[in-house]
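Here's coords-v3.pdb, which has PDB, C-alpha atoms, pLDDT in the B column:
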```pdb
ATOM      1  CA  ASP K  13      25.654 113.355 -66.922  1.00 51.00           C
ATOM      2  CA  PRO K  14      27.632 113.919 -70.191  1.00 54.00           C
ATOM      3  CA  THR K  15      28.475 110.215 -70.474  1.00 53.00           C
ATOM      4  CA  GLY K  16      24.833 109.209 -70.238  1.00 58.00           C
ATOM      5  CA  GLU K  17      25.357 107.184 -67.074  1.00 56.00           C
ATOM      6  CA  ALA K  18      23.049 107.479 -64.078  1.00 63.00           C
ATOM      7  CA  ASP K  19      25.973 106.970 -61.718  1.00 61.00           C
ATOM      8  CA  ARG K  20      28.252 110.016 -61.834  1.00 62.00           C
ATOM      9  CA  SER K  21      31.122 108.358 -59.954  1.00 71.00           C
ATOM     10  CA  ALA K  22      34.237 107.290 -61.886  1.00 74.00           C
ATOM     11  CA  LEU K  23      34.512 103.718 -63.166  1.00 80.00           C
ATOM     12  CA  ARG K  24      37.529 101.799 -61.886  1.00 82.00           C
ATOM     13  CA  LEU K  25      39.219  98.763 -63.450  1.00 86.00           C
ATOM     14  CA  ASP K  26      40.594  95.772 -61.599  1.00 89.00           C
ATOM     15  CA  PHE K  27      44.004  95.597 -63.313  1.00 89.00           C
ATOM     16  CA  ASP K  28      44.959  98.945 -61.772  1.00 87.00           C
ATOM     17  CA  ARG K  29      42.591 100.543 -59.255  1.00 84.00           C
ATOM     18  CA  ARG K  30      44.309 103.912 -59.669  1.00 82.00           C
ATOM     19  CA  LEU K  31      42.823 104.226 -63.161  1.00 82.00           C
ATOM     20  CA  MET K  32      39.500 106.113 -63.278  1.00 75.00           C
ATOM     21  CA  LEU K  33      37.286 106.388 -66.359  1.00 79.00           C
ATOM     22  CA  GLN K  34      35.286 109.582 -66.476  1.00 72.00           C
ATOM     23  CA  PHE K  35      34.314 112.346 -68.877  1.00 67.00           C
ATOM     24  CA  ARG K  36      36.993 115.001 -69.071  1.00 62.00           C
ATOM     25  CA  GLY K  37      37.282 116.835 -72.348  1.00 60.00           C
ATOM     26  CA  SER K  38      40.835 118.055 -71.798  1.00 56.00           C
ATOM     27  CA  THR K  39      42.313 114.529 -71.544  1.00 67.00           C
ATOM     28  CA  ILE K  40      40.954 112.229 -74.239  1.00 77.00           C
ATOM     29  CA  THR K  41      41.885 109.084 -76.140  1.00 86.00           C
ATOM     30  CA  SER K  42      40.476 107.547 -79.301  1.00 86.00           C
ATOM     31  CA  ASP K  43      41.415 104.043 -78.089  1.00 92.00           C
ATOM     32  CA  ALA K  44      39.590 103.715 -74.763  1.00 91.00           C
ATOM     33  CA  GLY K  45      38.279 100.315 -75.893  1.00 93.00           C
ATOM     34  CA  LEU K  46      41.769  98.907 -75.339  1.00 95.00           C
ATOM     35  CA  LEU K  47      41.175  99.158 -71.588  1.00 95.00           C
ATOM     36  CA  ALA K  48      38.495  96.457 -71.801  1.00 95.00           C
ATOM     37  CA  TYR K  49      40.995  94.133 -73.480  1.00 95.00           C
ATOM     38  CA  ARG K  50      43.595  95.089 -70.877  1.00 96.00           C
ATOM     39  CA  GLU K  51      41.103  94.063 -68.177  1.00 95.00           C
ATOM     40  CA  LEU K  52      40.721  90.631 -69.807  1.00 92.00           C
ATOM     41  CA  ASP K  53      44.496  90.406 -70.194  1.00 93.00           C
ATOM     42  CA  HIS K  54      44.837  91.076 -66.471  1.00 93.00           C
ATOM     43  CA  ALA K  55      42.211  88.473 -65.528  1.00 90.00           C
ATOM     44  CA  LEU K  56      43.965  85.735 -67.528  1.00 87.00           C
ATOM     45  CA  HIS K  57      47.554  86.956 -66.874  1.00 89.00           C
ATOM     46  CA  LEU K  58      48.340  86.726 -70.592  1.00 90.00           C
ATOM     47  CA  THR K  59      51.054  89.333 -71.126  1.00 91.00           C
ATOM     48  CA  ASP K  60      52.363  88.775 -67.597  1.00 90.00           C
ATOM     49  CA  THR K  61      52.967  85.144 -68.600  1.00 89.00           C
ATOM     50  CA  ALA K  62      54.810  86.369 -71.682  1.00 89.00           C
ATOM     51  CA  GLY K  63      56.928  88.742 -69.611  1.00 87.00           C
ATOM     52  CA  ASN K  64      57.997  85.860 -67.382  1.00 88.00           C
ATOM     53  CA  THR K  65      58.777  83.672 -70.410  1.00 89.00           C
ATOM     54  CA  LEU K  66      60.790  86.056 -72.572  1.00 90.00           C
ATOM     55  CA  ALA K  67      64.502  86.438 -71.869  1.00 89.00           C
ATOM     56  CA  ASP K  68      65.499  90.019 -71.102  1.00 86.00           C
ATOM     57  CA  THR K  69      69.079  90.393 -72.349  1.00 78.00           C
ATOM     58  CA  ARG K  70      69.254  94.147 -72.018  1.00 78.00           C
ATOM     59  CA  THR K  71      72.167  95.539 -70.051  1.00 75.00           C
ATOM     60  CA  GLY K  72      72.564  98.848 -68.247  1.00 68.00           C
ATOM     61  CA  LYS K  73      70.196 100.807 -66.041  1.00 67.00           C
ATOM     62  CA  ASN K  74      68.452 102.981 -68.626  1.00 63.00           C
ATOM     63  CA  GLY K  75      65.589 100.614 -69.460  1.00 70.00           C
ATOM     64  CA  GLN K  76      62.301 102.481 -69.129  1.00 81.00           C
ATOM     65  CA  HIS K  77      59.858  99.612 -69.677  1.00 89.00           C
ATOM     66  CA  GLY K  78      59.761  95.897 -68.900  1.00 88.00           C
ATOM     67  CA  LEU K  79      59.389  93.318 -71.670  1.00 88.00           C
ATOM     68  CA  ALA K  80      55.771  92.633 -70.646  1.00 90.00           C
ATOM     69  CA  GLY K  81      54.924  96.322 -71.071  1.00 93.00           C
ATOM     70  CA  LEU K  82      56.676  96.528 -74.438  1.00 94.00           C
ATOM     71  CA  LEU K  83      54.868  93.384 -75.593  1.00 93.00           C
ATOM     72  CA  ARG K  84      51.561  94.904 -74.501  1.00 95.00           C
ATOM     73  CA  GLN K  85      52.274  98.045 -76.490  1.00 96.00           C
ATOM     74  CA  SER K  86      53.157  95.949 -79.546  1.00 95.00           C
ATOM     75  CA  VAL K  87      50.098  93.689 -79.313  1.00 94.00           C
ATOM     76  CA  PHE K  88      47.553  96.274 -78.201  1.00 96.00           C
ATOM     77  CA  GLY K  89      48.734  98.772 -80.815  1.00 95.00           C
ATOM     78  CA  ARG K  90      48.027  96.266 -83.582  1.00 94.00           C
ATOM     79  CA  LEU K  91      44.768  95.332 -81.900  1.00 94.00           C
ATOM     80  CA  ALA K  92      43.741  98.981 -82.305  1.00 94.00           C
ATOM     81  CA  GLY K  93      44.722  98.927 -85.989  1.00 94.00           C
ATOM     82  CA  TYR K  94      48.177 100.542 -85.821  1.00 93.00           C
ATOM     83  CA  GLU K  95      50.292  98.299 -88.051  1.00 85.00           C
ATOM     84  CA  ASP K  96      53.581 100.212 -87.991  1.00 85.00           C
ATOM     85  CA  VAL K  97      55.914 100.827 -85.048  1.00 89.00           C
ATOM     86  CA  ASN K  98      56.197 104.420 -86.323  1.00 92.00           C
ATOM     87  CA  ASP K  99      52.743 104.933 -84.794  1.00 93.00           C
ATOM     88  CA  ALA K 100      54.418 104.643 -81.386  1.00 94.00           C
ATOM     89  CA  ASP K 101      55.576 108.249 -81.697  1.00 91.00           C
ATOM     90  CA  ARG K 102      51.952 109.284 -81.190  1.00 89.00           C
ATOM     91  CA  LEU K 103      50.752 106.336 -79.102  1.00 92.00           C
ATOM     92  CA  CYS K 104      53.477 106.820 -76.497  1.00 93.00           C
ATOM     93  CA  CYS K 105      51.597 109.941 -75.305  1.00 91.00           C
ATOM     94  CA  ASP K 106      48.098 108.451 -75.569  1.00 93.00           C
ATOM     95  CA  PRO K 107      46.564 108.112 -72.062  1.00 92.00           C
ATOM     96  CA  ALA K 108      44.947 104.719 -72.809  1.00 94.00           C
ATOM     97  CA  MET K 109      48.165 103.230 -74.177  1.00 95.00           C
ATOM     98  CA  ARG K 110      50.178 104.567 -71.237  1.00 94.00           C
ATOM     99  CA  TRP K 111      47.881 102.735 -68.811  1.00 94.00           C
ATOM    100  CA  VAL K 112      47.950  99.603 -70.980  1.00 95.00           C
ATOM    101  CA  VAL K 113      51.766  99.534 -70.802  1.00 95.00           C
ATOM    102  CA  GLY K 114      51.718 100.353 -67.078  1.00 92.00           C
ATOM    103  CA  ASP K 115      54.508 101.066 -64.575  1.00 90.00           C
ATOM    104  CA  ARG K 116      56.621 104.088 -65.614  1.00 90.00           C
ATOM    105  CA  ALA K 117      54.464 104.764 -68.671  1.00 93.00           C
ATOM    106  CA  ILE K 118      51.531 105.853 -66.477  1.00 92.00           C
ATOM    107  CA  SER K 119      53.266 108.964 -65.182  1.00 90.00           C
ATOM    108  CA  GLY K 120      55.613 109.395 -68.154  1.00 91.00           C
ATOM    109  CA  SER K 121      55.173 107.968 -71.625  1.00 93.00           C
ATOM    110  CA  ALA K 122      54.990 104.617 -73.347  1.00 95.00           C
ATOM    111  CA  ALA K 123      57.788 103.391 -75.625  1.00 94.00           C
ATOM    112  CA  SER K 124      58.857 105.520 -78.581  1.00 94.00           C
ATOM    113  CA  ALA K 125      59.092 104.258 -82.165  1.00 95.00           C
ATOM    114  CA  SER K 126      62.849 103.651 -81.813  1.00 94.00           C
ATOM    115  CA  GLN K 127      62.346 101.682 -78.580  1.00 93.00           C
ATOM    116  CA  MET K 128      59.614  99.555 -80.180  1.00 95.00           C
ATOM    117  CA  GLY K 129      61.828  98.975 -83.224  1.00 93.00           C
ATOM    118  CA  ARG K 130      64.663  97.653 -81.046  1.00 91.00           C
ATOM    119  CA  PHE K 131      62.226  95.532 -79.044  1.00 92.00           C
ATOM    120  CA  GLU K 132      60.713  93.823 -82.098  1.00 92.00           C
ATOM    121  CA  THR K 133      63.804  93.452 -84.281  1.00 90.00           C
ATOM    122  CA  LYS K 134      66.573  92.948 -81.724  1.00 89.00           C
ATOM    123  CA  TRP K 135      65.213  91.533 -78.456  1.00 89.00           C
ATOM    124  CA  LEU K 136      62.288  89.463 -79.723  1.00 90.00           C
ATOM    125  CA  SER K 137      64.342  88.059 -82.604  1.00 89.00           C
ATOM    126  CA  ARG K 138      66.834  86.306 -80.327  1.00 91.00           C
ATOM    127  CA  PRO K 139      66.615  82.508 -80.775  1.00 92.00           C
ATOM    128  CA  GLU K 140      65.426  81.849 -77.211  1.00 93.00           C
ATOM    129  CA  ASN K 141      62.675  84.464 -77.540  1.00 92.00           C
ATOM    130  CA  LEU K 142      61.546  83.201 -80.942  1.00 92.00           C
ATOM    131  CA  THR K 143      61.142  79.766 -79.348  1.00 92.00           C
ATOM    132  CA  ALA K 144      59.243  81.285 -76.427  1.00 92.00           C
ATOM    133  CA  LEU K 145      56.946  83.225 -78.783  1.00 92.00           C
ATOM    134  CA  ALA K 146      56.120  80.035 -80.680  1.00 93.00           C
ATOM    135  CA  GLU K 147      55.029  78.396 -77.416  1.00 93.00           C
ATOM    136  CA  LEU K 148      53.063  81.383 -76.053  1.00 93.00           C
ATOM    137  CA  PRO K 149      49.768  80.921 -77.957  1.00 94.00           C
ATOM    138  CA  GLY K 150      49.455  77.378 -76.613  1.00 94.00           C
ATOM    139  CA  GLN K 151      50.140  78.560 -73.059  1.00 92.00           C
ATOM    140  CA  TRP K 152      47.498  81.273 -73.369  1.00 91.00           C
ATOM    141  CA  ILE K 153      44.938  78.843 -74.800  1.00 93.00           C
ATOM    142  CA  ASP K 154      45.654  76.384 -71.970  1.00 92.00           C
ATOM    143  CA  LYS K 155      44.929  79.114 -69.408  1.00 87.00           C
ATOM    144  CA  VAL K 156      41.449  79.572 -70.867  1.00 84.00           C
ATOM    145  CA  ARG K 157      40.932  75.827 -71.365  1.00 86.00           C
ATOM    146  CA  ARG K 158      41.557  75.153 -67.670  1.00 85.00           C
ATOM    147  CA  ARG K 159      38.583  77.386 -66.849  1.00 82.00           C
ATOM    148  CA  ARG K 160      36.270  75.734 -69.372  1.00 82.00           C
ATOM    149  CA  ALA K 161      37.631  72.498 -70.796  1.00 84.00           C
ATOM    150  CA  PRO K 162      36.260  71.495 -74.248  1.00 89.00           C
ATOM    151  CA  GLN K 163      35.557  67.843 -75.029  1.00 92.00           C
ATOM    152  CA  THR K 164      36.430  68.226 -78.719  1.00 95.00           C
ATOM    153  CA  ILE K 165      39.167  70.158 -80.484  1.00 96.00           C
ATOM    154  CA  VAL K 166      39.273  70.684 -84.246  1.00 97.00           C
ATOM    155  CA  LEU K 167      42.646  71.822 -85.608  1.00 98.00           C
ATOM    156  CA  ASP K 168      42.652  73.713 -88.907  1.00 98.00           C
ATOM    157  CA  MET K 169      45.959  74.101 -90.741  1.00 98.00           C
ATOM    158  CA  ASP K 170      46.384  76.456 -93.669  1.00 97.00           C
ATOM    159  CA  SER K 171      48.834  78.927 -95.153  1.00 97.00           C
ATOM    160  CA  SER K 172      48.356  82.585 -95.975  1.00 96.00           C
ATOM    161  CA  GLU K 173      50.231  85.404 -97.657  1.00 95.00           C
ATOM    162  CA  SER K 174      51.824  88.442 -96.068  1.00 95.00           C
ATOM    163  CA  PRO K 175      52.752  90.872 -98.880  1.00 95.00           C
ATOM    164  CA  THR K 176      56.153  92.547 -98.611  1.00 94.00           C
ATOM    165  CA  TYR K 177      57.537  95.744-100.089  1.00 90.00           C
ATOM    166  CA  GLY K 178      61.184  96.373-100.825  1.00 87.00           C
ATOM    167  CA  ASP K 179      64.015  93.880-100.435  1.00 88.00           C
ATOM    168  CA  GLN K 180      62.919  92.120 -97.250  1.00 90.00           C
ATOM    169  CA  GLU K 181      64.861  89.047 -96.154  1.00 90.00           C
ATOM    170  CA  GLY K 182      63.040  85.825 -97.019  1.00 92.00           C
ATOM    171  CA  SER K 183      60.396  87.418 -99.201  1.00 95.00           C
ATOM    172  CA  ALA K 184      59.841  85.949-102.655  1.00 96.00           C
ATOM    173  CA  TYR K 185      57.328  85.987-105.475  1.00 95.00           C
ATOM    174  CA  ASN K 186      54.486  83.500-105.062  1.00 95.00           C
ATOM    175  CA  GLY K 187      52.668  82.575-108.268  1.00 94.00           C
ATOM    176  CA  HIS K 188      49.502  81.447-106.491  1.00 93.00           C
ATOM    177  CA  PHE K 189      49.059  84.725-104.621  1.00 94.00           C
ATOM    178  CA  ALA K 190      50.588  86.733-107.508  1.00 95.00           C
ATOM    179  CA  CYS K 191      52.666  88.932-105.216  1.00 96.00           C
ATOM    180  CA  THR K 192      55.997  89.156-103.423  1.00 96.00           C
ATOM    181  CA  CYS K 193      55.306  87.970 -99.906  1.00 97.00           C
ATOM    182  CA  TYR K 194      56.019  85.770 -96.945  1.00 97.00           C
ATOM    183  CA  HIS K 195      54.057  82.496 -96.824  1.00 97.00           C
ATOM    184  CA  PRO K 196      53.209  81.863 -93.137  1.00 97.00           C
ATOM    185  CA  LEU K 197      51.631  78.634 -91.931  1.00 98.00           C
ATOM    186  CA  PHE K 198      48.975  78.578 -89.182  1.00 98.00           C
ATOM    187  CA  VAL K 199      47.182  76.111 -86.940  1.00 98.00           C
ATOM    188  CA  PHE K 200      43.852  77.375 -85.579  1.00 98.00           C
ATOM    189  CA  ASN K 201      41.275  75.667 -83.380  1.00 97.00           C
ATOM    190  CA  GLN K 202      37.531  75.791 -84.000  1.00 96.00           C
ATOM    191  CA  PHE K 203      37.202  78.796 -81.680  1.00 95.00           C
ATOM    192  CA  GLY K 204      39.423  80.918 -83.938  1.00 95.00           C
ATOM    193  CA  ASP K 205      42.463  80.844 -81.632  1.00 95.00           C
ATOM    194  CA  VAL K 206      45.929  80.610 -83.183  1.00 96.00           C
ATOM    195  CA  GLU K 207      47.439  77.446 -81.712  1.00 97.00           C
ATOM    196  CA  ARG K 208      50.816  77.873 -83.413  1.00 97.00           C
ATOM    197  CA  CYS K 209      52.285  79.600 -86.452  1.00 96.00           C
ATOM    198  CA  THR K 210      55.513  79.943 -88.354  1.00 95.00           C
ATOM    199  CA  LEU K 211      56.857  82.525 -90.797  1.00 94.00           C
ATOM    200  CA  ARG K 212      58.215  81.051 -94.034  1.00 96.00           C
ATOM    201  CA  PRO K 213      59.758  82.378 -97.276  1.00 96.00           C
ATOM    202  CA  GLY K 214      57.263  83.364 -99.938  1.00 96.00           C
ATOM    203  CA  ASN K 215      58.177  80.629-102.427  1.00 95.00           C
ATOM    204  CA  VAL K 216      57.687  77.456-100.333  1.00 96.00           C
ATOM    205  CA  HIS K 217      54.906  74.891-100.793  1.00 95.00           C
ATOM    206  CA  SER K 218      51.713  75.430 -98.787  1.00 96.00           C
ATOM    207  CA  ALA K 219      52.410  72.400 -96.559  1.00 97.00           C
ATOM    208  CA  ASP K 220      56.133  72.993 -96.106  1.00 97.00           C
ATOM    209  CA  GLY K 221      57.129  72.476 -92.455  1.00 97.00           C
ATOM    210  CA  TRP K 222      53.723  71.132 -91.411  1.00 97.00           C
ATOM    211  CA  ARG K 223      55.107  68.429 -89.103  1.00 97.00           C
ATOM    212  CA  ALA K 224      57.207  70.761 -86.929  1.00 96.00           C
ATOM    213  CA  LEU K 225      54.168  73.010 -86.520  1.00 97.00           C
ATOM    214  CA  LEU K 226      51.515  70.353 -85.908  1.00 97.00           C
ATOM    215  CA  GLU K 227      53.249  67.834 -83.642  1.00 97.00           C
ATOM    216  CA  PRO K 228      53.677  70.167 -80.604  1.00 96.00           C
ATOM    217  CA  VAL K 229      49.973  71.088 -80.774  1.00 97.00           C
ATOM    218  CA  ILE K 230      48.915  67.432 -80.862  1.00 96.00           C
ATOM    219  CA  ALA K 231      51.234  66.702 -77.931  1.00 95.00           C
ATOM    220  CA  ARG K 232      49.555  69.437 -75.837  1.00 94.00           C
ATOM    221  CA  TYR K 233      46.112  67.897 -76.281  1.00 94.00           C
ATOM    222  CA  ARG K 234      47.034  64.218 -76.086  1.00 91.00           C
ATOM    223  CA  GLY K 235      45.200  62.622 -73.146  1.00 88.00           C
ATOM    224  CA  ILE K 236      43.341  65.868 -72.335  1.00 90.00           C
ATOM    225  CA  VAL K 237      40.464  66.036 -74.848  1.00 92.00           C
ATOM    226  CA  LYS K 238      38.259  63.108 -75.895  1.00 92.00           C
ATOM    227  CA  HIS K 239      38.159  63.927 -79.590  1.00 95.00           C
ATOM    228  CA  LEU K 240      40.911  65.604 -81.604  1.00 95.00           C
ATOM    229  CA  TYR K 241      40.286  66.292 -85.286  1.00 96.00           C
ATOM    230  CA  PHE K 242      42.420  67.751 -88.071  1.00 97.00           C
ATOM    231  CA  ARG K 243      41.246  69.658 -91.138  1.00 97.00           C
ATOM    232  CA  GLY K 244      43.324  70.780 -94.088  1.00 96.00           C
ATOM    233  CA  ASP K 245      42.896  71.424 -97.798  1.00 95.00           C
ATOM    234  CA  ALA K 246      44.419  69.433-100.654  1.00 94.00           C
ATOM    235  CA  ALA K 247      47.929  70.699 -99.884  1.00 95.00           C
ATOM    236  CA  PHE K 248      47.955  68.497 -96.774  1.00 96.00           C
ATOM    237  CA  ALA K 249      46.564  65.377 -98.451  1.00 95.00           C
ATOM    238  CA  ASN K 250      49.739  63.295 -98.315  1.00 93.00           C
ATOM    239  CA  PRO K 251      50.632  59.938 -96.695  1.00 96.00           C
ATOM    240  CA  GLU K 252      52.943  61.482 -94.079  1.00 96.00           C
ATOM    241  CA  VAL K 253      50.103  63.584 -92.646  1.00 96.00           C
ATOM    242  CA  TYR K 254      47.737  60.597 -92.572  1.00 96.00           C
ATOM    243  CA  GLU K 255      50.343  58.407 -90.848  1.00 96.00           C
ATOM    244  CA  LEU K 256      50.969  60.985 -88.130  1.00 95.00           C
ATOM    245  CA  LEU K 257      47.240  61.428 -87.485  1.00 94.00           C
ATOM    246  CA  GLU K 258      46.641  57.673 -87.333  1.00 93.00           C
ATOM    247  CA  ALA K 259      49.535  57.280 -84.869  1.00 91.00           C
TER     248      ALA K 259
END
```
Show me, as structure tokens, the structure contained in the file I just sent.
Amino acid sequence: DPTGEADRSALRLDFDRRLMLQFRGSTITSDAGLLAYRELDHALHLTDTAGNTLADTRTGKNGQHGLAGLLRQSVFGRLAGYEDVNDADRLCCDPAMRWVVGDRAISGSAASASQMGRFETKWLSRPENLTALAELPGQWIDKVRRRRAPQTIVLDMDSSESPTYGDQEGSAYNGHFACTCYHPLFVFNQFGDVERCTLRPGNVHSADGWRALLEPVIARYRGIVKHLYFRGDAAFANPEVYELLEA
């Protein structure tokens, strides 16, 4: 068999039993590995949860894709290394991406670059959806935690730089990173999962806005795990942080 498998029958995936994986040179994709992630996504209902959480404010009857499908295209495209929505002009015809998005994309095409641009800059940027996006990582982590509950959680808080080019709103020169950038703040757990994050202007202090980011994460774990620890570098060594942790 050209694929090297002893079993010549097509491989089927649980998230959509219509999808068959088999060797066919005339219909190929360079991103077939995304289907394994889509299978995990289906098992944990991750993007489906997001689709039910985000507010769809679109009007009219011309919508081709649901918000869950558009979010999958956005997330899975970056997972495959495509950083720009302009890549959607090619990805919309890719067979793996069409099955990842699902529904109408399977028989037609996934979202175009213009559709992805409107999704990310217009629909996701609405205040209610920004709030929902901030809560999503915690909801996803809780889904996994309910299957295998840890006894100890270690929260790591730190900032990073996201270089910008051109006159982007909120970007500023940061002397520490020696570039014009945004200065996002993250909370990770010891498993490498992003618990919560926030995008900040490039010229703020490393610990700016730490309380608003950290308190909701602590609240999620209070009374659930036996041991909850916090780690941060010198930027977070201030009395207010210590007082919150002691409380």
Top pick for closest residue to Asn201 of chain K, considering K:Ile230, K:Leu136, K:Val113, K:Val253 and counting only C-alpha atoms
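Ranking K:Ile230, K:Leu136, K:Val113, K:Val253 by distance to Asn201 of chain K, first place goes to K:Ile230.
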Have a look at atom CA of Trp135 of chain K and atom CA of Asp28 of chain K and let me know their distance in Å, one decimal.
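Between these atoms lies a distance of 27.3 Å.
Applied to the shown file, the PyMOL selection byres ((chain K and resi 197) around 8) selects the residues K:Met169, K:Asp170, K:Ser171, K:Ser172, K:His195, K:Pro196, K:Phe198, K:Val199, K:Cys209, K:Thr210, K:Leu211, K:Arg212, K:Ser218, K:Ala219, K:Trp222.
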Provide the atom CA of Arg84 of chain K to atom CA of Cys193 of chain K distance in Å, to one decimal place.
26.6 Å
Set the distance at 12 Å and use only C-alpha atoms: which residues neighbour Val156 of chain K once local chain neighbours fewer than 2 positions away are removed? I'd like the list as a PyMOL selection string.
chain K and resi 52-53+55-58+149-154+158-162+203+205
Using only C-alpha atoms: which of K:Ala48, K:Leu82, K:Ile40, K:Ala22 has the shortest distance to Ala100 of chain K
K:Leu82
Expand the PyMOL selection byres ((chain K and resi 248) around 12) into the explicit residue set it covers here, and present it as a VMD selection string.
chain K and resid 168 to 171 197 217 to 223 226 242 to 247 249 to 257
Could you spell out the hits of the PyMOL selection byres ((chain K and resi 176) around 6) on the shown file, as a list of chain:residue names?
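The output of the PyMOL selection byres ((chain K and resi 176) around 6) on this file is K:Pro175, K:Tyr177, K:Thr192, K:Cys193.
Relative to atom CA of Ala44 of chain K, atom CA of His77 of chain K is found at 21.3 Å.
Among the candidates K:Asp60, K:Asp179, K:Asp96, K:Glu147, the residue lying nearest to Pro228 of chain K is K:Glu147 (atoms considered: all atoms listed in the file).
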Identify the residues within 12 Å of coordinate (40.8, 107.2, -78.0) (same frame as the file), considering all atoms listed in the file, and give the answer as a list in words.
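Those residues, ordered by chain and then number, are Gly37, Thr39, Ile40, Thr41, Ser42, Asp43, Ala44, Gly45, Leu46, Leu47, Gly89, Ala92, Arg102, Leu103, Cys105, Asp106, Pro107, Ala108, Met109 and Arg110 of chain K.
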For segment 207-216 of chain K, take all atoms listed in the file, fit an axis-aligned box around them, add 8 Å to each of the six sides, then output centre and edge lengths in Å rounded to one decimal, as JSON.
```
{"center_x": 53.6, "center_y": 80.4, "center_z": -92.1, "size_x": 28.3, "size_y": 21.9, "size_z": 36.7}
```
7 Å contact set for Leu23 of chain K, all atoms listed in the file, chain neighbours under 3 positions out, as a list in words
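Once the nearby chain positions are removed, what remains is Met32, Leu33 and Gln34 of chain K.
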